[in-house]
Amino acid sequence: MASVTGFRLPHFLELNSQSSRPLYRFRVHNSAGTGRDPAVLSSDLTVVNGDSNSGVRKRELQINHGNGRLKPEVEDKKKNNKLVKDDVEESLEPSWDDGYGTETVKDYFDAVEDMIKPDGGPPRWFSPISCGRPLKDAPILLFLPGMDGTGMGLTLHHKALGKFFEVRCLHIPVYDRTPFEELVKFVEETVRLEHASSPKKPIYLVGDSFGGCLSLAVASRNRSIDLVLILVNPATSFGRSQLQPFFPILEAMPDALHPTVPYLLGYIMGDPTKMAMVNVETKLPPIQRYEKMSQNLTALLPYLGSLADIIPRDTLLWKLKLLKSAAAYANSRLHAVKAEVLILASGKDNMVPSKEEAERLKKSLLNCTVRHFKENGHTFLLEDGISLMTIIKGTSKYRRSWRHNFVSDFLPPSRTEIDYAFEQVVGLLRIGTSSLAYSTLEDGKIVKGLAGVPSEGPVLLVGYHNLMGLELYPLVEEFLREKNVVIRGVAHPQLFVADSGSSSPEFSMNDWFRVFGSVPVTPSNLFRLLSSKSHVLLYPGGAREALHCKGEAYKLFWPTQPEFVRMAARFGATIVPFGAVGEDDLVELVLDYNDLQKIPVLNDYIRELNRNAVKVRDGSDEEINREDLFIPGLLPKIPGRYYYLFGKPIYTRGREESLKNRENANEMYLQIKSEVENCLAYLLEKRENDPYRNVIDRTIYKAVYGSSKDVPGFDP
């Protein structure tokens, strides 16, 4: 059965907060066998992911069950899609606003206040208005909630997810007693309907705790449908919960004592301090951050009492039984799950042993990736940290078709991601290097800044790879800050191999590389990037330069083939050679490849590490083509500074036919290589004239002139 029903939503889920009729219509699929008659509540407003159709004739939607009977609903959806096609955005600019921090856990409790009122209705789907309208060809994301059942568990992530997904959330009313298998059928009906409507798109199931069991159950029954499961602390380990001894006490507890249970559960399931930090800016001084967090925590504590209304005593006991049956059902069908799975496991989960369970599921599922978050609790999605959309991007799980495409499925970093990455992840390096960039104009004049680098692509930036790639982070930030351009680095493919040799890492630097647009270095990816008019970052020296030996600093290890020149010419790309210096002002190389090969245990480890590693070069010239991956021994220095010089642009437009000739291409290749060497020599000489090369001098300058003022450097 299916019907249209509704309930009043809080103000920030309404299309117009001034409207006197904030009643929403939702398509509701009653599970077979529930014994309920669908109720129909009328409204003049239909809202799906922020798209409103005012003045539509009130009508009841009926969806017949069974194969081949979804056509009327599918056709209706296609007509609606055609009407709004011209208004849908196709892409976003870098630094877009993802809204993270604008909604907090207080907003979650405000939202559920009206939703938990008894209405006698069955489980239903709704689309939060704060999600807005997604980009063109966005896949659907179905959120399956945890024990609360409200469906508002993505409150902190609505705006970001709504840009790239058609978001629908499952609401299970407080007093609903639908058995687990009926909930599985209910979600399954929606999945099959969406698959019939868009068979080439994946369907995302985000399952939180109990919702994780529900997601696995649906996936096990629909192996032919392209599903992507994102499981957040899945409750498949409920039978091994740390709280098992506590559950019999709950059943015997008098009703008068039940109001104390929510406060206990609030501290067990999540970390209130992490919840209170959601909208606290990291840029604030430590004292102000602590004060803001204390204020938020004080304001949050009274809301914990409302958990007694969200999960009353009888509902809590029912949910515990439901969890038990859900875990048993899902665990018995893990072998049948063929979907792509991403598990997010909290290290401080006091509800279920999520860390250990993630490892077990990884071994049991065919296509499973795990990310650990050691500082988070069970309510991961309501706590401060890396946003869910960032995690999806960083693990390459976002796609619009059957397979992830590193170019067409790339989503530019948001302002929150940029701030987090350059303040939290590489903040110390950023402060320590205080980098300076110079570029060369058409007339050969060198100026401070990136004015000499074309703003319109395709542009191919070709340069020297510093030790351990230390020059990357300031370089990426400089282009974002001055030009609002994401430079797409082509990196060693081993960085993109599943978890890069680690069984289940935390969200790591490799993931951040993907967030900021890195792709595996392959001819096809370079082709796609240049054809999309991107700014592409290429290091012909690759891993050999980034892992060079002692005495090889600022020495180029380029192969002899000029293939990237011919590829650039095919698209009329502008090639900009550049140099970056500063590695020797940051670290001292004490153990290089040759040193490590002389240490018995370590040389075996390096050999084993690279046994099955992806190779990029043919290995014909060992001096140039050695690309064994390892971590050299480094000692930090008192930080100096990073300097960049972008040479005069070299244009290939109009020379496509000429550069098809290998000799002409090789001539340009040698010209580019020479320009890179000239840039390096120029910077090594000019940095001696920088009065603020040392971090101590720069610190004094900022203390005198203010921390927001850029520290000057040498005059070009």
# chains A, B, ... in the order shown; residues from 1 in each chain; ligands from 1
>>> select_by_dssp(residues="segment 199-416 of chain A", states="helix (DSSP H, G or I)", output="MDAnalysis selection string")
chainID A and resid 210:221 235:240 244:252 255:257 260:269 272:276 286:310 313:331 334:336 354:364 380:382 388:394 415:416
>>> residues_around(residues="Tyr539 of chain A", least_positions_apart="4", cutoff="8 Å", atoms="only C-alpha atoms", output="NGL selection string")
:A and (462-465 or 490)
>>> closest_residue(among="A:Arg611, A:Arg570, A:Lys292, A:Arg177", to="Val278 of chain A", atoms="only C-alpha atoms")
A:Lys292
>>> closest_atom_pairs(of="segment 308-388 of chain A", to="segment 393-402 of chain A", cutoff="10 Å", atoms="only C-alpha atoms", output="JSON lines")
{"residue": "A:Glu340", "atom": "CA", "partner": "A:Lys397", "partner_atom": "CA", "distance": 8.5}
{"residue": "A:Val341", "atom": "CA", "partner": "A:Lys397", "partner_atom": "CA", "distance": 8.9}
{"residue": "A:Leu342", "atom": "CA", "partner": "A:Lys397", "partner_atom": "CA", "distance": 8.0}
{"residue": "A:Thr369", "atom": "CA", "partner": "A:Thr395", "partner_atom": "CA", "distance": 8.2}
{"residue": "A:Val370", "atom": "CA", "partner": "A:Thr395", "partner_atom": "CA", "distance": 9.3}
{"residue": "A:Arg371", "atom": "CA", "partner": "A:Thr395", "partner_atom": "CA", "distance": 8.8}
{"residue": "A:Leu388", "atom": "CA", "partner": "A:Lys393", "partner_atom": "CA", "distance": 8.7}
>>> closest_residue(among="A:Val280, A:Leu470, A:Leu229, A:Leu322", to="Leu344 of chain A", atoms="only C-alpha atoms")
A:Leu229
>>> atom_distance(atom1="atom CA of Asn594 of chain A", atom2="atom CA of Gly633 of chain A")
11.4 Å
>>> closest_atom_pairs(of="segment 345-413 of chain A", to="segment 99-123 of chain A", cutoff="9 Å", atoms="only C-alpha atoms", output="JSON lines")
{"residue": "A:Leu382", "atom": "CA", "partner": "A:Val105", "partner_atom": "CA", "distance": 6.3}
{"residue": "A:Glu383", "atom": "CA", "partner": "A:Val105", "partner_atom": "CA", "distance": 8.1}
{"residue": "A:Asp384", "atom": "CA", "partner": "A:Gly101", "partner_atom": "CA", "distance": 8.7}
{"residue": "A:Ser387", "atom": "CA", "partner": "A:Tyr100", "partner_atom": "CA", "distance": 7.5}
>>> closest_atom_pairs(of="segment 525-602 of chain A", to="segment 437-444 of chain A", cutoff="10 Å", atoms="only C-alpha atoms", output="JSON lines")
{"residue": "A:Val576", "atom": "CA", "partner": "A:Thr440", "partner_atom": "CA", "distance": 9.6}
{"residue": "A:Phe578", "atom": "CA", "partner": "A:Ser439", "partner_atom": "CA", "distance": 8.6}
{"residue": "A:Ala580", "atom": "CA", "partner": "A:Ala437", "partner_atom": "CA", "distance": 9.0}
>>> write_last_selection(atoms="C-alpha atoms", output="PDB file, in the first residue's frame")
ATOM      1  CA  VAL A 576      53.641  26.366 -16.992  1.00  0.00           C
ATOM      2  CA  PHE A 578      57.741  25.888 -12.057  1.00  0.00           C
ATOM      3  CA  ALA A 580      59.715  24.991  -5.520  1.00  0.00           C
TER       4      ALA A 580
END
>>> residues_around(residues="Ala491 of chain A", least_positions_apart="6", cutoff="8 Å", atoms="only C-alpha atoms", output="MDAnalysis selection string")
chainID A and resid 518:521 542
>>> closest_atom_pairs(of="segment 469-553 of chain A", to="segment 612-616 of chain A", cutoff="10 Å", atoms="only C-alpha atoms", output="JSON lines")
{"residue": "A:His492", "atom": "CA", "partner": "A:Val616", "partner_atom": "CA", "distance": 7.5}
{"residue": "A:Pro493", "atom": "CA", "partner": "A:Val614", "partner_atom": "CA", "distance": 6.4}
{"residue": "A:Gln494", "atom": "CA", "partner": "A:Val614", "partner_atom": "CA", "distance": 5.6}
{"residue": "A:Leu495", "atom": "CA", "partner": "A:Val614", "partner_atom": "CA", "distance": 9.4}
{"residue": "A:Phe496", "atom": "CA", "partner": "A:Val614", "partner_atom": "CA", "distance": 9.9}
{"residue": "A:Val497", "atom": "CA", "partner": "A:Val614", "partner_atom": "CA", "distance": 8.5}
{"residue": "A:Ser500", "atom": "CA", "partner": "A:Ala613", "partner_atom": "CA", "distance": 9.3}
{"residue": "A:Gly501", "atom": "CA", "partner": "A:Ala613", "partner_atom": "CA", "distance": 9.2}
{"residue": "A:Val521", "atom": "CA", "partner": "A:Val616", "partner_atom": "CA", "distance": 8.0}
{"residue": "A:Thr522", "atom": "CA", "partner": "A:Val616", "partner_atom": "CA", "distance": 8.5}
{"residue": "A:Gly542", "atom": "CA", "partner": "A:Val616", "partner_atom": "CA", "distance": 9.1}
{"residue": "A:Ala543", "atom": "CA", "partner": "A:Val616", "partner_atom": "CA", "distance": 9.5}
>>> write_last_selection(atoms="N, CA and C atoms", output="PDB file, in the first residue's frame")
ATOM      1  N   HIS A 492      50.892   9.103  -7.581  1.00  0.00           N
ATOM      2  CA  HIS A 492      51.241   7.688  -7.718  1.00  0.00           C
ATOM      3  C   HIS A 492      50.010   6.822  -7.440  1.00  0.00           C
ATOM      4  N   PRO A 493      49.706   5.854  -8.321  1.00  0.00           N
ATOM      5  CA  PRO A 493      48.502   5.033  -8.155  1.00  0.00           C
ATOM      6  C   PRO A 493      48.428   4.275  -6.838  1.00  0.00           C
ATOM      7  N   GLN A 494      49.584   4.017  -6.203  1.00  0.00           N
ATOM      8  CA  GLN A 494      49.572   3.253  -4.962  1.00  0.00           C
ATOM      9  C   GLN A 494      48.808   3.991  -3.866  1.00  0.00           C
ATOM     10  N   LEU A 495      48.735   5.318  -3.971  1.00  0.00           N
ATOM     11  CA  LEU A 495      47.991   6.102  -2.982  1.00  0.00           C
ATOM     12  C   LEU A 495      46.497   5.839  -3.058  1.00  0.00           C
ATOM     13  N   PHE A 496      46.044   5.250  -4.158  1.00  0.00           N
ATOM     14  CA  PHE A 496      44.611   5.038  -4.371  1.00  0.00           C
ATOM     15  C   PHE A 496      44.221   3.571  -4.268  1.00  0.00           C
ATOM     16  N   VAL A 497      45.203   2.724  -4.018  1.00  0.00           N
ATOM     17  CA  VAL A 497      44.900   1.318  -3.770  1.00  0.00           C
ATOM     18  C   VAL A 497      44.197   1.220  -2.427  1.00  0.00           C
ATOM     19  N   SER A 500      45.752   1.655   0.952  1.00  0.00           N
ATOM     20  CA  SER A 500      47.208   1.789   0.791  1.00  0.00           C
ATOM     21  C   SER A 500      48.003   0.886   1.723  1.00  0.00           C
ATOM     22  N   GLY A 501      47.583  -0.361   1.824  1.00  0.00           N
ATOM     23  CA  GLY A 501      48.344  -1.335   2.593  1.00  0.00           C
ATOM     24  C   GLY A 501      47.949  -1.423   4.050  1.00  0.00           C
ATOM     25  N   VAL A 521      47.964   8.697 -11.587  1.00  0.00           N
ATOM     26  CA  VAL A 521      48.619   9.137 -12.804  1.00  0.00           C
ATOM     27  C   VAL A 521      48.506   8.041 -13.864  1.00  0.00           C
ATOM     28  N   THR A 522      47.585   8.254 -14.797  1.00  0.00           N
ATOM     29  CA  THR A 522      47.390   7.363 -15.939  1.00  0.00           C
ATOM     30  C   THR A 522      47.123   8.233 -17.163  1.00  0.00           C
ATOM     31  N   GLY A 542      58.197  12.217 -10.338  1.00  0.00           N
ATOM     32  CA  GLY A 542      57.401  11.307  -9.527  1.00  0.00           C
ATOM     33  C   GLY A 542      58.017  10.922  -8.197  1.00  0.00           C
ATOM     34  N   ALA A 543      57.831   9.648  -7.830  1.00  0.00           N
ATOM     35  CA  ALA A 543      58.309   9.141  -6.542  1.00  0.00           C
ATOM     36  C   ALA A 543      59.830   9.164  -6.442  1.00  0.00           C
TER      37      ALA A 543
END
>>> closest_residue(among="A:Ile287, A:Val565, A:Val407, A:Leu231", to="Leu381 of chain A", atoms="only C-alpha atoms")
A:Leu231
